[in-house]
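Colleague: Structure file run_3.txt (compact mmCIF, C-alpha atoms) right here:
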```txt
# COMPACT_ATOMS: atom_id res chain seq x y z
CA MET A 1 10.72 37.59 -18.03
CA ASP A 2 14.21 36.24 -18.57
CA PHE A 3 15.62 33.65 -16.15
CA LYS A 4 18.76 32.81 -18.15
CA ILE A 5 21.07 35.01 -16.06
CA ASN A 6 21.17 32.77 -12.98
CA LYS A 7 19.69 29.29 -12.88
CA LYS A 8 21.78 27.94 -10.06
CA ILE A 9 19.70 26.34 -7.32
CA SER A 10 19.77 27.01 -3.58
CA ALA A 11 18.19 24.15 -1.63
CA LEU A 12 16.63 25.39 1.62
CA ILE A 13 15.53 23.31 4.61
CA ILE A 14 14.13 24.42 7.97
CA THR A 15 14.64 21.97 10.82
CA LEU A 16 13.85 21.13 14.41
CA ASN A 17 15.12 17.80 15.76
CA GLU A 18 15.34 16.11 12.36
CA GLU A 19 18.23 13.71 13.01
CA ILE A 20 16.14 10.81 11.67
CA HIS A 21 15.58 12.44 8.26
CA ILE A 22 18.18 15.10 7.55
CA LYS A 23 21.21 12.99 6.54
CA GLU A 24 19.36 11.11 3.81
CA LEU A 25 17.95 14.33 2.39
CA LEU A 26 21.31 16.12 2.38
CA ASN A 27 22.94 13.15 0.67
CA SER A 28 20.40 13.41 -2.14
CA LEU A 29 21.07 17.09 -2.93
CA THR A 30 24.27 16.66 -4.92
CA PHE A 31 22.71 18.33 -7.98
CA VAL A 32 22.11 21.73 -6.35
CA ASP A 33 24.63 24.58 -6.10
CA GLU A 34 24.01 25.56 -2.48
CA ILE A 35 22.37 24.00 0.58
CA VAL A 36 21.09 26.20 3.40
CA VAL A 37 19.70 24.73 6.63
CA VAL A 38 17.92 27.01 9.11
CA ASP A 39 17.50 25.25 12.43
CA SER A 40 15.26 26.19 15.38
CA PHE A 41 17.89 25.21 17.99
CA SER A 42 17.47 21.45 17.80
CA THR A 43 18.33 19.43 20.89
CA ASP A 44 19.19 16.24 19.00
CA ASN A 45 22.04 15.60 16.50
CA THR A 46 20.60 17.72 13.67
CA LYS A 47 23.27 20.42 14.03
CA PHE A 48 26.12 17.89 14.17
CA ILE A 49 24.85 16.03 11.09
CA CYS A 50 24.39 19.21 9.05
CA GLU A 51 27.81 20.57 9.94
CA SER A 52 29.41 17.29 8.88
CA PHE A 53 28.50 18.22 5.27
CA ILE A 54 31.07 20.69 3.95
CA ASN A 55 28.62 22.02 1.34
CA VAL A 56 25.93 22.92 3.90
CA LYS A 57 25.51 26.43 5.29
CA PHE A 58 24.00 25.96 8.74
CA TYR A 59 22.17 28.73 10.60
CA GLN A 60 20.20 28.75 13.83
CA ASN A 61 17.30 31.15 14.15
CA ARG A 62 14.64 31.43 16.84
CA PHE A 63 11.37 29.98 15.59
CA GLU A 64 8.38 32.33 15.63
CA ASN A 65 6.27 30.71 12.93
CA PHE A 66 6.78 28.79 9.71
CA THR A 67 6.33 31.79 7.44
CA SER A 68 8.95 33.97 9.11
CA GLN A 69 11.37 31.03 9.31
CA ARG A 70 11.00 30.29 5.60
CA ASN A 71 11.46 33.94 4.64
CA PHE A 72 14.57 34.08 6.84
CA ALA A 73 15.96 31.06 4.99
CA ILE A 74 15.26 32.67 1.61
CA ALA A 75 17.20 35.74 2.72
CA GLN A 76 20.29 33.55 3.28
CA ALA A 77 20.22 32.09 -0.23
CA LYS A 78 22.69 33.48 -2.75
CA ASN A 79 20.91 32.12 -5.85
CA ASP A 80 17.66 33.24 -7.45
CA TRP A 81 16.12 29.78 -7.80
CA ILE A 82 14.97 28.19 -4.55
CA LEU A 83 14.25 24.50 -3.96
CA PHE A 84 12.49 24.52 -0.58
CA LEU A 85 12.18 21.09 1.03
CA ASP A 86 11.08 19.68 4.36
CA ALA A 87 13.47 17.27 6.05
CA ASP A 88 10.93 14.45 5.70
CA GLU A 89 10.60 14.89 1.92
CA ARG A 90 12.53 12.88 -0.67
CA LEU A 91 13.30 13.52 -4.31
CA THR A 92 13.13 10.55 -6.66
CA PRO A 93 15.81 10.27 -9.39
CA ASP A 94 13.16 11.08 -12.01
CA LEU A 95 12.11 14.19 -10.09
CA LYS A 96 15.72 15.35 -9.79
CA ASN A 97 16.16 15.02 -13.54
CA GLU A 98 12.90 16.83 -14.17
CA ILE A 99 13.92 19.73 -11.90
CA PHE A 100 17.31 20.05 -13.60
CA ASN A 101 16.00 19.79 -17.17
CA THR A 102 12.96 22.00 -16.57
CA LEU A 103 14.99 24.77 -15.02
CA ARG A 104 17.66 24.56 -17.72
CA THR A 105 15.12 25.21 -20.46
CA ASN A 106 12.64 27.38 -18.56
CA ASP A 107 12.10 30.95 -19.68
CA THR A 108 8.39 31.18 -18.85
CA TYR A 109 7.58 30.12 -15.30
CA THR A 110 8.46 31.79 -12.01
CA ALA A 111 7.36 28.93 -9.73
CA PHE A 112 6.53 25.24 -9.89
CA LEU A 113 4.09 23.12 -7.93
CA PHE A 114 5.03 19.57 -6.92
CA HIS A 115 2.56 16.75 -6.35
CA ARG A 116 3.35 14.71 -3.22
CA THR A 117 2.93 11.08 -2.24
CA PHE A 118 2.09 10.84 1.46
CA MET A 119 3.80 7.97 3.29
CA PHE A 120 2.22 6.43 6.40
CA LYS A 121 5.36 4.93 7.98
CA ASN A 122 6.72 3.16 4.90
CA LYS A 123 3.44 2.58 3.10
CA VAL A 124 1.66 4.85 0.64
CA LEU A 125 -1.49 6.60 1.86
CA TYR A 126 -3.63 6.76 -1.26
CA TYR A 127 -6.62 8.78 -0.06
CA SER A 128 -7.71 10.49 3.22
CA GLY A 129 -7.52 13.94 1.59
CA TRP A 130 -3.91 13.60 0.45
CA GLN A 131 -4.53 12.28 -3.07
CA THR A 132 -4.51 15.73 -4.67
CA ASP A 133 -1.83 17.24 -2.45
CA LYS A 134 0.47 19.66 -4.25
CA ILE A 135 2.76 22.38 -2.97
CA PHE A 136 5.22 25.02 -4.17
CA ARG A 137 8.76 23.69 -3.86
CA LEU A 138 10.69 25.39 -6.68
CA PHE A 139 10.51 29.13 -7.38
CA ASN A 140 12.43 32.24 -8.32
CA LYS A 141 12.79 34.29 -5.13
CA ASN A 142 12.57 37.55 -7.08
CA PHE A 143 8.97 36.71 -7.99
CA ALA A 144 7.73 34.80 -4.94
CA LYS A 145 7.45 35.32 -1.19
CA TYR A 146 5.65 33.70 1.72
CA THR A 147 2.92 36.06 2.89
CA THR A 148 2.78 37.03 6.56
CA GLU A 149 -0.96 36.40 6.85
CA ARG A 150 -0.33 32.75 7.68
CA LEU A 151 1.76 31.28 10.50
CA VAL A 152 1.47 27.67 9.30
CA HIS A 153 0.47 26.01 6.00
CA GLU A 154 2.33 28.90 4.46
CA LYS A 155 1.06 30.68 1.37
CA LEU A 156 3.55 31.54 -1.35
CA LYS A 157 2.53 34.63 -3.29
CA VAL A 158 3.79 34.28 -6.85
CA THR A 159 4.08 36.92 -9.54
CA GLY A 160 4.16 35.32 -12.98
CA LYS A 161 3.25 31.97 -14.52
CA ILE A 162 3.08 28.77 -12.46
CA GLY A 163 4.10 25.34 -13.75
CA ILE A 164 3.46 21.85 -12.37
CA LEU A 165 6.07 19.10 -12.41
CA LYS A 166 5.00 15.58 -13.40
CA ASN A 167 7.06 13.49 -10.98
CA LYS A 168 5.97 13.33 -7.35
CA LEU A 169 7.81 14.30 -4.19
CA ILE A 170 7.79 11.58 -1.52
CA HIS A 171 6.55 12.86 1.86
CA TYR A 172 7.45 10.76 4.92
CA SER A 173 5.30 12.83 7.23
CA TYR A 174 3.91 10.03 9.42
CA SER A 175 6.55 7.97 11.24
CA ASP A 176 4.57 7.18 14.41
CA TYR A 177 1.37 8.20 16.16
CA GLU A 178 2.83 10.37 18.92
CA SER A 179 5.13 12.44 16.69
CA TYR A 180 2.39 13.07 14.11
CA LYS A 181 -0.06 13.98 16.89
CA ALA A 182 2.49 16.45 18.30
CA LYS A 183 2.86 17.96 14.84
CA MET A 184 -0.90 18.32 14.45
CA ILE A 185 -1.18 19.95 17.88
CA ASN A 186 1.52 22.44 16.94
CA TYR A 187 -0.21 23.22 13.64
CA GLY A 188 -3.53 23.64 15.43
CA LYS A 189 -2.08 26.10 17.92
CA LEU A 190 -0.54 28.19 15.16
CA LYS A 191 -3.84 28.26 13.26
CA GLY A 192 -5.55 29.38 16.47
CA GLN A 193 -3.01 32.19 16.80
CA GLU A 194 -3.73 33.20 13.20
CA LYS A 195 -7.42 33.57 14.02
CA PHE A 196 -6.62 35.51 17.18
CA ILE A 197 -4.40 37.95 15.25
CA LYS A 198 -7.32 38.48 12.86
CA LYS A 199 -9.53 39.20 15.92
CA LEU A 200 -11.85 36.27 15.21
CA LYS A 201 -13.82 35.14 18.24
CA PRO A 202 -14.27 31.47 19.21
CA ILE A 203 -17.74 30.17 18.39
CA PHE A 204 -18.91 27.11 20.30
CA PHE A 205 -20.88 25.65 17.38
CA ALA A 206 -17.89 25.96 15.04
CA SER A 207 -15.56 24.34 17.59
CA ILE A 208 -17.77 21.23 17.53
CA PHE A 209 -18.98 21.21 13.93
CA HIS A 210 -15.71 22.03 12.14
CA PRO A 211 -13.57 19.13 13.55
CA THR A 212 -16.47 16.70 13.04
CA TYR A 213 -17.01 17.88 9.48
CA ASN A 214 -13.26 17.67 8.78
CA PHE A 215 -13.15 14.02 9.85
CA LEU A 216 -16.29 12.98 8.00
CA TYR A 217 -15.29 14.83 4.83
CA ASN A 218 -11.81 13.31 4.65
CA TYR A 219 -12.93 9.85 5.74
CA PHE A 220 -15.97 9.47 3.47
CA ILE A 221 -15.87 12.10 0.71
CA ARG A 222 -12.08 12.06 0.35
CA LEU A 223 -12.14 8.26 0.68
CA GLY A 224 -10.08 7.82 3.84
CA ILE A 225 -12.22 4.75 4.44
CA LEU A 226 -10.33 3.03 1.61
CA ASP A 227 -7.03 3.50 3.47
CA GLY A 228 -8.19 1.17 6.23
CA ARG A 229 -6.76 1.74 9.70
CA LYS A 230 -4.28 4.28 8.29
CA GLY A 231 -7.20 6.37 7.05
CA VAL A 232 -8.89 6.36 10.45
CA VAL A 233 -5.70 7.53 12.17
CA ILE A 234 -4.87 10.29 9.67
CA CYS A 235 -8.43 11.60 9.42
CA TYR A 236 -8.79 11.62 13.20
CA LEU A 237 -5.49 13.43 13.84
CA ASN A 238 -6.16 16.01 11.14
CA ALA A 239 -9.58 16.66 12.68
CA TYR A 240 -7.98 16.81 16.11
CA SER A 241 -5.73 19.59 14.83
CA VAL A 242 -8.84 21.57 13.92
CA TYR A 243 -10.20 20.97 17.43
CA ILE A 244 -6.93 22.25 18.95
CA ARG A 245 -7.23 25.36 16.76
CA TYR A 246 -10.43 26.41 18.51
CA GLN A 247 -9.16 25.48 21.96
CA GLU A 248 -6.10 27.68 21.39
CA LEU A 249 -8.25 30.54 20.14
CA LYS A 250 -10.50 30.27 23.20
CA LYS A 251 -7.48 30.23 25.53
CA LEU A 252 -5.99 33.33 23.90
CA TRP A 253 -9.22 35.29 24.24
CA ASN A 254 -9.66 34.16 27.86
CA THR A 255 -6.11 35.28 28.63
CA LYS A 256 -6.72 38.67 27.02
CA CYS A 257 -9.87 39.19 29.10
CA ILE A 258 -8.11 38.54 32.41
```
In structure tokens, what does this structure look like?
Modeller:
Amino acid sequence: MDFKINKKISALIITLNEEIHIKELLNSLTFVDEIVVVDSFSTDNTKFICESFINVKFYQNRFENFTSQRNFAIAQAKNDWILFLDADERLTPDLKNEIFNTLRTNDTYTAFLFHRTFMFKNKVLYYSGWQTDKIFRLFNKNFAKYTTERLVHEKLKVTGKIGILKNKLIHYSYSDYESYKAKMINYGKLKGQEKFIKKLKPIFFASIFHPTYNFLYNYFIRLGILDGRKGVVICYLNAYSVYIRYQELKKLWNTKCI
């Protein structure tokens, strides 16, 4: 495979009410050749902030699920190489240099995984299940696509070799309890919809056991206990998202049976 024809980078971001994060991220993307923002009709200043950057292409598209929104964003990109970021993610200077230098010399890999450092407010969360977190953030769109089988926690299907970058992406996912809880509820509902689409029935035992297991596994086995109060909060909210998943699935089946 030869990637020497076009190594320009399109940075893609999907947003919904990201006025707190988006300006800092856009300011950091001076090294890319194109920035595309796909917004789900934000009601805050996200649109205004994005349109204040002359190098940003801003689109609004009705949100159905994360997979379809990401694939829509990819379709707007003019370059082959995609750097897909969330608004609450930050690139360190070392990571920027690694992206640029890796892509300049790459003639082997079609996609790259990034390790992430999870930030609880402005402090690092070292454990609680996040210590091995890695995610696809850089890929050639001709050899990678988000599969439609997932609505959230999207799965990128890659054809070709996969590389892993050394420097970590900073993830400011947790800013406060209520916003993170709302995010987890949203994720849980989408996972419930996934199960419903697959015609999986709600099982009472699973609805109790799975959230409990999720908390205990992340808190004890994945060492959330060492993160102190932060670990309790994160492990609880992640388990709560699993609980919401089964409640949503039950609701969907009850609605269908009416």
Colleague: For segment 127-194 of chain A versus segment 230-237 of chain A, which residues have an atom no more than 7 Å away, and what is each residue's nearest atom pair and distance in Å rounded to one decimal, using all atoms listed in the file, chain-then-number order, as CSV?
Modeller:
```
residue,atom,partner,partner_atom,distance
A:Ser128,CA,A:Gly231,CA,5.6
A:Lys181,CA,A:Leu237,CA,6.3
A:Met184,CA,A:Leu237,CA,6.7
```
Colleague: Save the residues we just selected, C-alpha atoms, as an mmCIF file, in the frame of the given file?
Modeller:
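Okay, this is what ended up in out-v2.cif:
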```
data_model
loop_
_atom_site.group_PDB
_atom_site.id
_atom_site.type_symbol
_atom_site.label_atom_id
_atom_site.label_comp_id
_atom_site.auth_asym_id
_atom_site.auth_seq_id
_atom_site.Cartn_x
_atom_site.Cartn_y
_atom_site.Cartn_z
ATOM 1 C CA SER A 128 -7.710 10.490 3.220
ATOM 2 C CA LYS A 181 -0.060 13.980 16.890
ATOM 3 C CA MET A 184 -0.900 18.320 14.450
#
```
Colleague: At a cut-off of 7 Å, using all atoms listed in the file, what residues contact segment 86-103 of chain A? Leave out same-chain residues fewer than 4 positions from it and give the result as a ChimeraX atom specification.
Modeller: /A:7,13-15,18,21-22,25,167-173
Colleague: At most 12 Å is the cut-off: for each residue in segment 29-70 of chain A with any atom that close to an atom of segment 193-209 of chain A, write down the nearest atom pair and the distance in Å rounded to one decimal, counting all atoms listed in the file, chain first then increasing number, as JSON lines.
Modeller:
```
{"residue": "A:Glu64", "atom": "CA", "partner": "A:Gln193", "partner_atom": "CA", "distance": 11.5}
{"residue": "A:Asn65", "atom": "CA", "partner": "A:Gln193", "partner_atom": "CA", "distance": 10.2}
{"residue": "A:Phe66", "atom": "CA", "partner": "A:Glu194", "partner_atom": "CA", "distance": 11.9}
{"residue": "A:Thr67", "atom": "CA", "partner": "A:Glu194", "partner_atom": "CA", "distance": 11.7}
```
Colleague: Could the residues of segment 186-213 of chain A that have an atom at most 7 Å from segment 147-165 of chain A be listed as a tab-separated table, each with its closest atom pair and the distance in Å to one decimal, counting all atoms listed in the file and ordered by chain and ascending residue number?
Modeller:
```
residue	atom	partner	partner_atom	distance
A:Tyr187	CA	A:Val152	CA	6.4
A:Leu190	CA	A:Leu151	CA	6.0
A:Lys191	CA	A:Val152	CA	6.7
A:Glu194	CA	A:Leu151	CA	6.4
```
Colleague: Given the choices A:Ser179, A:Ala239, A:Lys8, A:Ile135, which gets closest to Arg104 of chain A if the distance is worked out from all atoms listed in the file?
Modeller: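 Using all atoms listed in the file, Arg104 of chain A sits closest to A:Lys8.
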Colleague: Hey, can you check how far atom CA of Ala77 of chain A sits from atom CA of Leu138 of chain A?
Modeller: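 We find that atom CA of Ala77 of chain A and atom CA of Leu138 of chain A lie 13.3 Å from each other.
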Colleague: In Å, rounded to a single decimal, give me how far atom CA of Phe112 of chain A is from atom CA of Ile35 of chain A.
Modeller: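 A separation of 19.0 Å between them.
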Colleague: Near segment 41-48 of chain A, counting all atoms listed in the file, which residues have an atom at most 9 Å away, once you skip same-chain residues fewer than 5 positions from it, shown as a PDB file with C-alpha atoms, in the coordinates of the input?
Modeller:
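around-v8.pdb, written as the output of this step:
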```pdb
ATOM      1  CA  THR A  15      14.640  21.970  10.820  1.00  0.00           C
ATOM      2  CA  LEU A  16      13.850  21.130  14.410  1.00  0.00           C
ATOM      3  CA  ASN A  17      15.120  17.800  15.760  1.00  0.00           C
ATOM      4  CA  GLU A  18      15.340  16.110  12.360  1.00  0.00           C
ATOM      5  CA  GLU A  19      18.230  13.710  13.010  1.00  0.00           C
ATOM      6  CA  ILE A  20      16.140  10.810  11.670  1.00  0.00           C
ATOM      7  CA  ILE A  22      18.180  15.100   7.550  1.00  0.00           C
ATOM      8  CA  LYS A  23      21.210  12.990   6.540  1.00  0.00           C
ATOM      9  CA  PHE A  58      24.000  25.960   8.740  1.00  0.00           C
ATOM     10  CA  GLN A  60      20.200  28.750  13.830  1.00  0.00           C
ATOM     11  CA  ASN A  61      17.300  31.150  14.150  1.00  0.00           C
ATOM     12  CA  ARG A  62      14.640  31.430  16.840  1.00  0.00           C
ATOM     13  CA  PHE A  63      11.370  29.980  15.590  1.00  0.00           C
TER      14      PHE A  63
END
```
Colleague: Between A:Thr105, A:Asp227, A:Tyr146, A:Tyr246, which one has atoms that come closest to Val124 of chain A, using all atoms listed in the file?
Modeller: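 With all atoms listed in the file as the atom set, the closest residue is A:Asp227.
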Colleague: Go through A:Arg70, A:Lys250, A:His210, A:His115 and flag the residue nearest Lys145 of chain A, using all atoms listed in the file for the distances.
Modeller: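 Of A:Arg70, A:Lys250, A:His210, A:His115, the one nearest Lys145 of chain A is A:Arg70, counting all atoms listed in the file.
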Colleague: Mind giving me the straight-line distance from atom CA of Lys78 of chain A to atom CA of Phe114 of chain A in Å, one decimal?
Modeller: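 For atom CA of Lys78 of chain A relative to atom CA of Phe114 of chain A, the distance reads 22.9 Å.
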Colleague: Kindly indicate which residue among A:Phe53, A:Tyr219, A:Tyr213, A:Tyr177 lies nearest to Glu24 of chain A, using only C-alpha atoms for the distances.
Modeller: A:Phe53
Colleague: Using all atoms listed in the file, can you tell me which of A:Tyr240, A:Phe31, A:Tyr217, A:Trp81 comes closest to Asn106 of chain A?
Modeller: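 For Asn106 of chain A, the nearest of the given residues is A:Trp81.
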Colleague: Could you tell me which of A:Lys123, A:Arg116, A:Lys189, A:Lys141 comes closest to Asn79 of chain A if we count all atoms listed in the file?
Modeller: A:Lys141
Colleague: Excluding Phe84 of chain A and its own-chain neighbours fewer than 4 positions away, which residues fall within 6 Å of it when counting all atoms listed in the file? Please give them as a list of chain:residue names.
Modeller: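 Returned residues: A:Ala11, A:Leu12, A:Arg137.
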